[in-house]
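Next up, input11.cif (mmCIF, C-alpha atoms):
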data_my_file
#
loop_
_atom_site.label_atom_id
_atom_site.label_comp_id
_atom_site.auth_asym_id
_atom_site.auth_seq_id
_atom_site.Cartn_x
_atom_site.Cartn_y
_atom_site.Cartn_z
CA MET A 188 62.72 94.04 177.17
CA PRO A 189 65.95 92.87 178.84
CA ASN A 190 65.63 89.29 177.57
CA LYS A 191 66.01 90.54 174.01
CA SER A 192 68.84 92.23 172.17
CA GLY A 193 67.46 93.26 168.79
CA ASP A 194 65.88 90.14 167.36
CA VAL A 195 67.88 87.71 169.49
CA TYR A 196 66.34 86.24 172.64
CA GLY A 197 68.54 85.48 175.65
CA LEU A 198 67.02 82.54 177.49
CA THR A 199 68.28 81.68 180.98
CA ILE A 200 66.77 78.68 182.76
CA LEU A 201 67.65 77.35 186.20
CA SER A 202 66.20 73.92 186.89
CA PRO A 203 66.63 72.39 190.35
CA ILE A 204 68.15 68.90 190.16
CA ILE A 205 66.53 66.07 192.11
CA GLU A 206 68.23 65.30 195.42
CA ASP A 207 67.79 61.60 196.05
CA GLU A 208 70.13 59.84 198.44
CA LYS A 209 69.11 56.48 197.03
CA ALA A 210 70.01 57.36 193.45
CA THR A 211 73.33 55.89 192.34
CA PRO A 212 74.97 57.71 190.74
CA SER A 213 73.33 60.93 191.86
CA HIS A 214 71.13 62.80 189.42
CA ASP A 215 73.61 65.61 188.88
CA LEU A 216 76.29 63.07 187.97
CA GLN A 217 73.91 61.39 185.56
CA ILE A 218 73.33 64.75 183.87
CA ARG A 219 77.05 65.40 183.68
CA ASP A 220 77.61 61.95 182.22
CA HIS A 221 74.94 62.46 179.58
CA LEU A 222 76.16 65.93 178.64
CA ALA A 223 79.75 64.75 178.37
CA LYS A 224 78.67 62.36 175.61
CA LEU A 225 76.59 64.92 173.69
CA SER A 226 77.97 66.04 170.36
CA THR A 227 78.77 69.71 170.01
CA ARG A 228 78.98 69.70 166.22
CA GLU A 229 76.56 69.11 163.34
CA ASP A 230 74.78 66.29 165.10
CA SER A 231 74.32 68.29 168.31
CA PRO A 232 70.66 68.35 169.33
CA PHE A 233 70.81 72.13 169.42
CA ALA A 234 72.06 72.16 165.82
CA GLN A 235 68.92 70.25 164.89
CA ALA A 236 66.59 72.57 166.76
CA PRO A 237 66.04 75.68 164.63
CA GLY A 238 67.11 79.14 165.71
CA THR A 239 69.88 78.44 168.22
CA HIS A 240 72.95 80.65 167.87
CA LEU A 241 74.76 79.27 170.89
CA ALA A 242 73.51 77.21 173.81
CA ARG A 243 75.16 75.91 176.95
CA LEU A 244 74.27 73.57 179.76
CA VAL A 245 75.94 73.88 183.12
CA VAL A 246 75.53 72.00 186.37
CA MET A 247 75.81 74.60 189.13
CA ASP A 248 76.76 72.83 192.35
CA ASP A 249 76.64 75.76 194.73
CA VAL A 250 77.12 79.48 195.08
CA ILE A 251 80.68 80.66 195.63
CA TYR A 252 82.13 81.90 198.87
CA VAL A 253 84.47 84.79 198.18
CA GLY A 254 86.07 84.91 201.63
CA MET A 255 85.86 87.05 204.76
CA PRO A 256 84.17 89.39 205.60
CA ALA A 257 81.46 87.94 203.32
CA CYS A 258 79.12 85.36 204.84
CA GLU A 259 79.43 81.76 203.76
CA GLU A 260 76.19 80.23 202.53
CA HIS A 261 75.14 77.28 200.42
CA LEU A 262 72.37 76.26 198.08
CA GLN A 263 69.88 73.60 199.11
CA SER A 264 69.76 72.19 195.57
CA LYS A 265 72.08 71.83 192.63
CA TYR A 266 70.81 73.50 189.50
CA LEU A 267 70.96 72.77 185.81
CA VAL A 268 71.62 76.05 184.00
CA PHE A 269 70.43 76.22 180.40
CA GLU A 270 71.53 79.35 178.59
CA SER A 271 70.56 79.87 174.96
CA ASN A 272 70.85 82.67 172.44
CA CYS A 273 68.10 82.13 169.92
CA ASP A 274 65.99 83.73 167.21
CA GLY A 275 62.38 84.73 167.65
CA ASP A 276 60.13 84.65 170.66
CA LEU A 277 60.29 82.35 173.67
CA ASP A 278 57.16 80.31 173.02
CA GLY A 279 58.15 79.62 169.42
CA TYR A 280 61.65 78.56 170.44
CA LEU A 281 60.44 76.24 173.20
CA ARG A 282 57.89 74.73 170.81
CA SER A 283 60.60 74.10 168.24
CA LEU A 284 62.77 72.41 170.88
CA VAL A 285 60.01 70.09 171.99
CA ASP A 286 59.05 69.30 168.40
CA THR A 287 62.56 68.50 167.16
CA ILE A 288 64.51 67.03 170.08
CA PRO A 289 62.03 65.70 172.66
CA ASP A 290 64.14 62.63 173.51
CA HIS A 291 67.20 64.73 174.22
CA LEU A 292 65.22 67.11 176.41
CA ASP A 293 63.80 64.21 178.40
CA ALA A 294 67.22 62.59 178.78
CA ILE A 295 68.61 65.80 180.29
CA TRP A 296 65.71 67.25 182.27
CA LYS A 297 64.29 64.00 183.67
CA HIS A 298 66.78 64.49 186.50
CA CYS A 299 65.20 67.82 187.45
CA VAL A 300 62.48 68.49 190.01
CA GLY A 301 58.98 68.73 188.58
CA TYR A 302 59.91 68.05 184.95
CA PRO A 303 56.70 66.98 183.18
CA GLY A 304 58.29 65.45 180.07
CA ALA A 305 58.33 66.68 176.49
CA ALA A 306 55.34 64.59 175.46
CA ASN A 307 53.03 67.24 176.88
CA ARG A 308 54.10 70.29 174.96
CA GLN A 309 52.20 72.88 176.96
CA ALA A 310 53.33 71.40 180.28
CA PHE A 311 56.91 71.51 179.03
CA ILE A 312 56.61 75.18 178.06
CA ASP A 313 55.01 76.04 181.40
CA TYR A 314 57.78 74.20 183.25
CA MET A 315 60.52 76.03 181.36
CA LYS A 316 58.87 79.37 182.02
CA ALA A 317 58.59 78.55 185.72
CA CYS A 318 62.35 77.98 185.76
CA GLN A 319 63.21 81.01 183.65
CA LEU A 320 65.24 83.93 185.01
CA ASP A 321 64.81 87.38 183.58
CA THR A 322 67.98 88.79 182.13
CA THR A 323 68.99 92.14 183.58
CA PHE A 324 71.25 93.21 180.71
CA TYR A 325 71.78 91.33 177.47
CA PHE A 326 74.27 92.02 174.69
CA ALA A 327 74.26 90.11 171.39
CA ALA A 328 76.80 91.08 168.74
CA VAL A 329 75.07 89.48 165.77
CA ASN A 330 73.62 92.68 164.31
CA ASP A 331 70.05 91.39 164.43
CA LYS A 332 70.84 88.65 161.95
CA SER A 333 69.15 85.28 162.19
CA VAL A 334 71.09 82.02 162.39
CA SER A 335 70.58 81.26 158.68
CA GLU A 336 71.63 84.80 157.69
CA THR A 337 74.72 84.54 159.87
CA LEU A 338 75.64 81.16 158.41
CA ARG A 339 75.25 82.55 154.89
CA ALA A 340 77.38 85.61 155.73
CA LEU A 341 80.13 83.44 157.21
CA GLN A 342 80.07 81.21 154.15
CA THR A 343 80.41 84.29 151.95
CA GLN A 344 83.21 85.74 154.05
CA THR A 345 85.20 82.53 153.88
CA ALA A 346 84.64 82.13 150.14
CA VAL A 347 85.61 85.73 149.37
CA ALA A 348 88.77 85.46 151.46
CA ASP A 349 89.71 82.28 149.60
CA PHE A 350 88.98 83.93 146.27
CA ILE A 351 91.21 86.90 147.10
CA ALA A 352 94.01 84.65 148.26
CA THR A 353 93.93 82.50 145.13
CA HIS A 354 93.72 85.36 142.65
CA GLN A 355 96.70 87.46 143.64
CA GLY A 356 98.44 88.89 140.59
CA ALA A 357 95.74 87.88 138.10
CA ASP A 358 95.14 90.33 135.26
CA ALA A 359 92.03 92.50 135.39
CA ALA A 360 90.08 90.73 132.66
CA THR A 361 90.61 87.29 134.16
CA LEU A 362 89.85 88.59 137.62
CA GLN A 363 86.57 90.12 136.54
CA ARG A 364 85.42 87.07 134.60
CA GLU A 365 86.25 84.66 137.37
CA PHE A 366 84.75 86.89 140.04
CA LEU A 367 81.41 86.96 138.25
CA GLN A 368 81.52 83.18 137.96
CA PHE A 369 82.42 82.99 141.63
CA VAL A 370 79.46 85.16 142.63
CA ALA A 371 77.06 83.07 140.56
CA LEU A 372 78.43 79.87 142.11
CA LEU A 373 78.22 81.27 145.61
CA LYS A 374 74.59 82.31 145.16
CA SER A 375 73.66 78.83 143.96
CA GLN A 376 75.19 77.06 146.93
CA PRO A 377 73.00 76.05 149.87
CA PRO A 378 73.85 77.61 153.25
CA PRO A 379 76.18 75.52 155.38
CA ARG A 380 74.70 73.14 157.91
CA PRO A 381 74.65 74.42 161.48
CA GLY A 382 77.79 73.56 163.37
CA SER A 383 79.57 72.41 160.20
CA MET A 384 81.97 75.29 159.66
CA GLY A 385 83.65 75.46 163.01
CA PRO A 386 87.26 74.44 163.38
CA HIS A 387 88.06 71.18 165.08
CA ARG A 388 89.77 71.93 168.34
CA TYR A 389 90.44 69.32 170.90
CA ILE A 390 89.52 70.40 174.39
CA LYS A 391 92.47 70.79 176.66
CA THR A 392 91.93 69.76 180.22
CA GLY A 393 94.82 71.64 181.74
CA GLY A 394 92.57 74.11 183.52
CA ARG A 395 90.00 76.75 182.77
CA ASN A 396 92.51 79.41 181.91
CA GLU A 397 93.75 77.98 178.63
CA MET B 276 84.81 70.50 181.56
CA SER B 277 84.13 71.97 178.16
CA ASN B 278 84.33 75.72 178.41
CA ILE B 279 85.71 75.69 174.87
CA ASN B 280 83.96 74.73 171.67
CA GLY B 281 85.94 75.46 168.51
CA LYS B 282 87.12 79.03 168.92
CA VAL B 283 84.37 79.96 171.34
CA TYR B 284 84.93 80.13 175.09
CA ALA B 285 81.85 79.96 177.31
CA MET B 286 82.33 81.66 180.64
CA ASN B 287 80.05 81.53 183.70
CA ALA B 288 80.53 83.51 186.89
CA ILE B 289 78.47 84.10 190.02
CA THR B 290 79.10 86.75 192.65
CA PRO B 291 77.24 87.55 195.89
CA MET B 292 75.78 91.01 196.48
CA LYS B 293 74.08 92.59 199.44
CA PRO B 294 70.40 92.88 198.44
CA TRP B 295 70.19 96.68 198.75
CA LYS B 296 73.07 97.08 196.31
CA THR B 297 71.35 95.18 193.53
CA TRP B 298 68.99 98.09 192.95
CA ILE B 299 71.91 100.34 192.13
CA LEU B 300 73.16 97.76 189.65
CA ARG B 301 69.71 97.40 188.13
CA GLY B 302 69.66 101.17 187.66
CA PHE B 303 73.03 101.10 185.93
CA PHE B 304 71.93 98.31 183.59
CA PHE B 305 68.71 100.19 182.84
CA LEU B 306 70.74 103.20 181.73
CA LEU B 307 73.16 101.01 179.78
CA GLY B 308 70.28 99.37 177.95
CA HIS B 309 68.57 102.63 177.05
CA ILE B 310 71.53 104.88 176.25
CA LYS B 311 73.19 103.12 173.33
CA PRO B 312 76.40 105.23 173.23
CA LEU B 313 77.26 103.81 176.65
CA GLN B 314 77.56 100.39 174.99
CA LYS B 315 80.28 101.56 172.61
CA ASP B 316 83.19 100.02 174.49
CA LEU B 317 81.35 96.72 174.78
CA ILE B 318 80.71 96.74 171.03
CA ASP B 319 84.35 97.66 170.34
CA LEU B 320 85.42 94.44 172.04
CA SER B 321 84.68 92.62 168.82
CA PHE B 322 85.58 89.17 170.11
CA ILE B 323 82.51 89.12 172.36
CA GLU B 324 79.64 87.28 170.71
CA PHE B 325 77.14 87.29 173.55
CA ALA B 326 77.18 88.58 177.11
CA ARG B 327 74.46 88.69 179.72
CA TRP B 328 74.09 89.66 183.35
CA VAL B 329 71.29 88.30 185.48
CA VAL B 330 70.54 89.70 188.93
CA LEU B 331 69.15 86.76 190.86
CA PRO B 332 67.37 87.83 194.08
CA ARG B 333 67.91 85.60 197.11
CA LYS B 334 64.24 84.67 197.00
CA GLY B 335 64.17 84.39 193.21
CA PHE B 336 65.59 80.89 192.79
CA PRO B 337 63.03 78.69 191.01
CA PHE B 338 61.03 76.67 193.52
CA LEU B 339 58.94 73.85 192.12
CA GLY B 340 57.69 72.21 195.27
CA ASN B 341 57.72 68.42 195.40
CA SER B 342 60.88 67.31 197.14
CA GLN B 343 62.77 70.55 196.61
CA VAL B 344 63.96 72.42 199.67
CA LYS B 345 63.45 76.17 199.46
CA GLU B 346 66.58 78.29 199.33
CA ASP B 347 67.39 80.39 202.37
CA LEU B 348 70.04 82.91 201.37
CA LYS B 349 71.36 86.20 202.69
CA TYR B 350 72.79 87.49 199.42
CA ASP B 351 71.40 88.28 196.01
CA TYR B 352 73.60 86.94 193.23
CA LEU B 353 74.90 88.35 189.98
CA LEU B 354 75.20 85.74 187.24
CA PHE B 355 77.39 86.50 184.24
CA PHE B 356 77.43 84.44 181.06
CA SER B 357 79.58 85.27 178.06
CA ASN B 358 80.65 83.72 174.77
CA PHE B 359 83.82 85.06 173.25
CA ASN B 360 86.54 84.15 170.78
CA GLY B 361 90.02 83.58 172.11
CA THR B 362 91.49 82.55 175.40
CA TRP B 363 90.48 83.32 178.95
CA ASN B 364 93.58 85.42 179.55
CA GLN B 365 93.11 87.49 176.41
CA TYR B 366 89.50 88.12 177.35
CA ILE B 367 90.21 89.23 180.89
CA ASP B 368 93.18 91.33 179.77
CA ALA B 369 91.05 93.11 177.19
CA PHE B 370 88.21 93.64 179.62
CA SER B 371 90.57 95.12 182.17
CA ALA B 372 92.35 97.33 179.64
CA VAL B 373 89.37 98.66 177.73
CA LEU B 374 86.34 98.38 179.99
CA SER B 375 87.78 98.90 183.45
CA LYS B 376 85.38 101.70 184.43
CA GLY B 377 82.36 99.82 183.14
CA LEU B 378 83.42 96.63 184.89
CA ASN B 379 83.89 98.46 188.14
CA LEU B 380 80.40 99.90 187.84
CA VAL B 381 78.99 96.40 187.32
CA TRP B 382 80.96 94.40 189.87
CA ARG B 383 81.84 96.90 192.56
CA TRP B 384 78.54 95.99 194.25
CA SER B 385 79.67 92.37 194.57
CA GLU B 386 81.38 91.22 197.76
CA LYS B 387 85.16 91.38 197.79
CA PHE B 388 85.48 92.71 194.24
CA PRO B 389 89.02 94.10 194.08
CA GLY B 390 88.55 96.36 191.03
CA SER B 391 89.38 95.55 187.42
CA VAL B 392 92.79 97.22 187.65
CA PRO B 393 95.39 95.93 188.42
CA VAL B 394 94.62 92.92 186.32
CA THR B 395 96.32 90.33 188.56
CA SER B 396 93.89 90.67 191.43
CA PHE B 397 91.03 90.97 188.95
CA LYS B 398 91.99 87.65 187.36
CA GLU B 399 92.24 85.99 190.75
CA TYR B 400 88.74 87.16 191.57
CA ILE B 401 87.25 86.00 188.26
CA ALA B 402 88.97 82.62 188.59
CA ARG B 403 87.45 82.26 192.06
CA VAL B 404 83.89 83.09 191.06
CA GLN B 405 83.86 81.22 187.75
CA PHE B 406 82.16 77.84 187.38
CA ASP B 407 82.72 75.49 184.48
CA THR B 408 80.48 74.77 181.53
CA THR B 409 79.31 71.18 181.11
CA THR B 410 78.59 71.41 177.39
CA THR B 411 78.44 74.15 174.77
CA SER B 412 76.62 73.69 171.48
CA PRO B 413 77.09 76.04 168.59
CA ARG B 414 74.64 76.27 165.79
CA ILE B 415 76.77 78.84 164.07
CA PRO B 416 80.52 78.33 163.87
CA MET B 417 81.60 81.73 165.20
CA PRO B 418 84.97 82.08 163.53
CA GLN B 419 87.09 84.92 164.78
CA ARG B 420 86.28 88.16 163.11
CA MET B 421 88.94 89.80 161.03
CA THR B 422 91.59 91.29 163.22
CA SER B 423 92.82 94.75 162.41
CA ASN B 424 95.99 93.38 160.82
CA GLN B 425 93.97 91.08 158.61
CA ARG B 426 91.75 94.00 157.64
CA THR B 427 94.74 96.06 156.59
CA SER B 428 96.24 93.19 154.67
CA CYS B 429 93.02 92.46 152.82
CA SER B 430 92.51 96.14 152.01
CA ARG B 431 95.78 96.12 150.13
CA ARG B 432 94.90 92.98 148.24
CA TRP B 433 91.52 94.32 147.30
CA ILE B 434 92.67 97.43 145.46
CA ASN B 435 92.51 95.91 141.97
CA LEU B 436 89.09 94.45 142.50
CA ALA B 437 87.58 97.57 144.04
CA SER B 438 88.65 99.72 141.14
CA TRP B 439 86.69 97.73 138.59
CA PRO B 440 84.28 99.62 136.38
CA SER B 441 81.73 96.80 136.52
CA SER B 442 78.72 97.88 138.57
CA ALA B 443 77.55 94.27 138.72
CA ALA B 444 80.66 93.22 140.53
CA ARG B 445 80.62 96.20 142.85
CA SER B 446 77.10 95.58 144.00
CA SER B 447 77.58 91.88 144.62
CA LEU B 448 76.91 90.46 148.05
CA PRO B 449 80.51 89.52 148.85
CA MET B 450 81.64 93.06 148.13
CA LEU B 451 79.10 94.49 150.52
CA ILE B 452 80.03 92.09 153.28
CA TYR B 453 83.70 92.59 152.67
CA ALA B 454 83.25 96.36 152.76
CA SER B 455 81.53 96.08 156.12
CA CYS B 456 84.51 94.12 157.44
CA CYS B 457 86.97 96.79 156.32
CA LYS B 458 84.98 99.92 156.99
CA SER B 459 86.99 101.43 159.80
CA SER B 460 90.52 101.79 161.01
CA PRO B 461 91.32 102.16 164.71
CA THR B 462 91.92 105.71 165.78
CA SER B 463 91.23 106.14 169.47
CA ALA B 464 93.50 105.09 172.28
CA LYS B 465 91.10 102.34 173.31
CA GLN B 466 90.94 101.02 169.79
CA ALA B 467 94.73 101.09 169.66
CA LYS B 468 94.72 98.85 172.72
CA LEU B 469 92.36 96.51 170.95
CA GLN B 470 94.63 96.51 167.93
CA SER B 471 97.58 95.45 170.04
CA LEU B 472 95.49 92.67 171.56
CA ASP B 473 94.57 91.58 168.03
CA ARG B 474 98.26 91.31 167.24
CA GLU B 475 98.83 89.15 170.28
CA ASP B 476 95.95 87.01 169.12
CA ILE B 477 97.59 86.49 165.72
CA ARG B 478 100.93 85.62 167.28
CA ALA B 479 99.17 83.09 169.51
#
Turn the structure described in the file into structure tokens.
Amino acid sequence: MPNKSGDVYGLTILSPIIEDEKATPSHDLQIRDHLAKLSTREDSPFAQAPGTHLARLVVMDDVIYVGMPACEEHLQSKYLVFESNCDGDLDGYLRSLVDTIPDHLDAIWKHCVGYPGAANRQAFIDYMKACQLDTTFYFAAVNDKSVSETLRALQTQTAVADFIATHQGADAATLQREFLQFVALLKSQPPPRPGSMGPHRYIKTGGRNE
Amino acid sequence: MSNINGKVYAMNAITPMKPWKTWILRGFFFLLGHIKPLQKDLIDLSFIEFARWVVLPRKGFPFLGNSQVKEDLKYDYLLFFSNFNGTWNQYIDAFSAVLSKGLNLVWRWSEKFPGSVPVTSFKEYIARVQFDTTTTSPRIPMPQRMTSNQRTSCSRRWINLASWPSSAARSSLPMLIYASCCKSSPTSAKQAKLQSLDREDIRA
């Protein structure tokens, strides 16, 4: 099934944005404005919804004209592109979205044609499926690990690297004793919260090629 | 514009294709999906977290009625979405250096594709067909994987620990994960190219 790579599901949704000349600002600008204020860290709505590895939202204004001898053509609508890499099956993921972040979904998709609202769960799922595109080829380099397993592995990797760095030159007996303590401590720790381990990096606006 | 979140870059691109050519591309992707060894180069590019290609037929744009006007297009479109660690230039350079044949097989069916080598014209094309991400949300932090230099360095540091007689320590979870990080050293020419790109990454 091309939408899946191992246990990871690649969801691609294209939702037409409402064209309303009377709306000020236009609906696509309202989406952009809302998305610009959304957190992308621990308090991101997609960090709250279970099973999301990475998700993105894009306003696609038009197709791209690559120059002669190609024909120039344009879309009739602007589209909201939602692209998510998630665990499990599609229905379960959409249900979890509507159960955990209904207000966020409404705030984003209320600007799209035919959006029924998140209050009606089945109508929401049907709408998303109507807007879904089938992936032709999908590659996910997470070795079939779930989000929680990946978070735990990254926590372990970081902790082990720190342990190695801080124990250079220690004698064998000390090293062994402290390593066993370290392993016990690591096992007792809860997995990190989604979005909490990433480095802070301020977005540069000098162009897309940074 | 927020193509970047932490160390992850989210890239979107759309290219027009004549409809009859999309079937050739679909055939190629079918083979790529079913013959795993063909994916080796893609897997070797270890900074790629996710990549997907979507062939969007000219009559396949979602149409929901109401006030929406139906699309009337001459071309099918190839959508490409990728998440990777590092910068745009490093990514395109690596793609061009390591996957040039594969990229040509994917994009040669798109209008005006100049080929993935030389890299200058390839970059110009990608810059033209790329559109920017509005927001990217990570649930997992996606730190950069160990580069080959880091792997070598850690291997040296690990000698004392790995030679312990304690079976408890050897079988611990961190050891297993660490071992998986250090399991291989680059040997092929393509992997050597990747190694040199890793070094550039460290210097950056």
Check your understanding: Using the chain letters and numbers from the file, which residues does the PyMOL selection byres ((chain A and resi 305) around 12) grab, as a VMD selection string?
Key -> chain A and resid 281 to 297 302 to 304 306 to 315
Practice item. Can you work out the spacing between atom CA of Thr199 of chain A and atom CA of Cys318 of chain A in Å, to one decimal? Key: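 Atom-to-atom, atom CA of Thr199 of chain A and atom CA of Cys318 of chain A are spaced 8.5 Å apart.
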Exercise for review: Counting all atoms listed in the file, figure out which residue out of B:Ile367, B:Met292, B:Leu306, B:Ala372 gets nearest to Arg333 of chain B.
Suggested key: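 Of all the options, B:Met292 lies closest to Arg333 of chain B.
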Around all the atoms of segment 223-237 of chain A listed in the file, draw an axis-aligned box and extend it by 4 Å on each of the six sides; I want its centre and edge lengths in Å to one decimal, as lines of an AutoDock Vina configuration file.
center_x = 72.9
center_y = 69.0
center_z = 170.9
size_x = 21.7
size_y = 21.3
size_z = 23.0
**Study point:** Contacts of Gly275 of chain A within 12 Å, all atoms listed in the file, excl. fewer than 6 positions in-chain, as a ChimeraX atom specification
**Key:** /A:190-198,237-240,281-283,331-334
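For Thr297 of chain B, the residues within 12 Å (counting all atoms listed in the file, excluding itself and residues fewer than 3 positions away along the chain) are Thr323 of chain A; Thr290, Pro291, Met292, Lys293, Pro294, Leu300, Arg301, Gly302, Phe303, Phe304, Trp328, Val329, Val330, Leu331, Pro332, Arg333, Tyr350, Asp351, Tyr352, Leu353, Leu354, Leu380, Val381, Trp382, Arg383, Trp384, Ser385 and Glu386 of chain B.
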Practice item. Counting all atoms listed in the file, write as a list in words all protein and nucleic acid residues lying at most 7 Å from (77.2, 70.9, 184.9) in the file's frame. Key: Arg219, Leu244, Val245, Val246, Met247 and Leu267 of chain A; Thr408 and Thr409 of chain B
Same residues, C-alpha atoms, output as a CSV table (one decimal), keeping the file's coordinate frame:
chain,number,residue,atom,x,y,z
A,219,ARG,CA,77.0,65.4,183.7
A,244,LEU,CA,74.3,73.6,179.8
A,245,VAL,CA,75.9,73.9,183.1
A,246,VAL,CA,75.5,72.0,186.4
A,247,MET,CA,75.8,74.6,189.1
A,267,LEU,CA,71.0,72.8,185.8
B,408,THR,CA,80.5,74.8,181.5
B,409,THR,CA,79.3,71.2,181.1
**Study point:** Answer key for the PyMOL selection byres ((chain A and resi 229) around 8), residues as an NGL selection string
**Key:** (:A and (226-228 or 230-231 or 234-235 or 380-383)) or (:B and (414))
Check your understanding: What is the distance between atom CA of Leu320 of chain A and atom CA of Ala369 of chain B, in Å to one decimal?
Key -> 28.5 Å
Applying the PyMOL selection byres ((chain B and resi 344) around 10) to the file I just gave you, which residues come out? Please list them as an mmCIF file with C-alpha atoms, in the coordinates of the input.
data_model
loop_
_atom_site.group_PDB
_atom_site.id
_atom_site.type_symbol
_atom_site.label_atom_id
_atom_site.label_comp_id
_atom_site.auth_asym_id
_atom_site.auth_seq_id
_atom_site.Cartn_x
_atom_site.Cartn_y
_atom_site.Cartn_z
ATOM 1 C CA PRO A 203 66.630 72.390 190.350
ATOM 2 C CA GLU A 206 68.230 65.300 195.420
ATOM 3 C CA LEU A 262 72.370 76.260 198.080
ATOM 4 C CA GLN A 263 69.880 73.600 199.110
ATOM 5 C CA SER A 264 69.760 72.190 195.570
ATOM 6 C CA PHE B 338 61.030 76.670 193.520
ATOM 7 C CA LEU B 339 58.940 73.850 192.120
ATOM 8 C CA GLY B 340 57.690 72.210 195.270
ATOM 9 C CA ASN B 341 57.720 68.420 195.400
ATOM 10 C CA SER B 342 60.880 67.310 197.140
ATOM 11 C CA GLN B 343 62.770 70.550 196.610
ATOM 12 C CA LYS B 345 63.450 76.170 199.460
ATOM 13 C CA GLU B 346 66.580 78.290 199.330
ATOM 14 C CA ASP B 347 67.390 80.390 202.370
#
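For the set B:Gly361, B:Gly335, B:His309, B:Phe355, the residue with the smallest atom-to-atom gap to Lys282 of chain B is B:Gly361, counting all atoms listed in the file.
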Check your understanding: Hey, can you pull every residue with an atom no more than 8 Å from (77.7, 73.8, 191.6), using only C-alpha atoms, and send it as a ChimeraX atom specification?
Key -> /A:246-250,265-266 /B:406
Review point. When you draw a straight line from atom CA of Thr322 of chain A to atom CA of Gly281 of chain B, how long is it in Å?
Key: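 Between atom CA of Thr322 of chain A and atom CA of Gly281 of chain B the gap works out to 26.2 Å.
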**Study point:** Residue among A:Lys209, A:Lys224, A:Arg243, A:Arg364 lying closest to Asn358 of chain B, counting all atoms listed in the file
**Key:**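 Closest candidate: A:Arg243.
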Exercise for review: Select, from A:Tyr280, A:Phe233, A:Phe369, A:Phe269, the residue with the minimum atom-to-atom distance to chain B, counting all atoms listed in the file.
Suggested key: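 The answer is A:Phe233, which sits nearest to chain B.
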**Study point:** Which of B:Lys311, B:Tyr366, B:Lys387, B:Phe356 sits closest to Ile289 of chain B [using all atoms listed in the file]
**Key:**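 Closest to Ile289 of chain B of all the choices is B:Phe356.
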Review point. Taking into account only C-alpha atoms, which residue in the set B:Val373, B:Val392, B:Ile310, B:Leu348 is nearest to Cys258 of chain A?
Key: B:Leu348
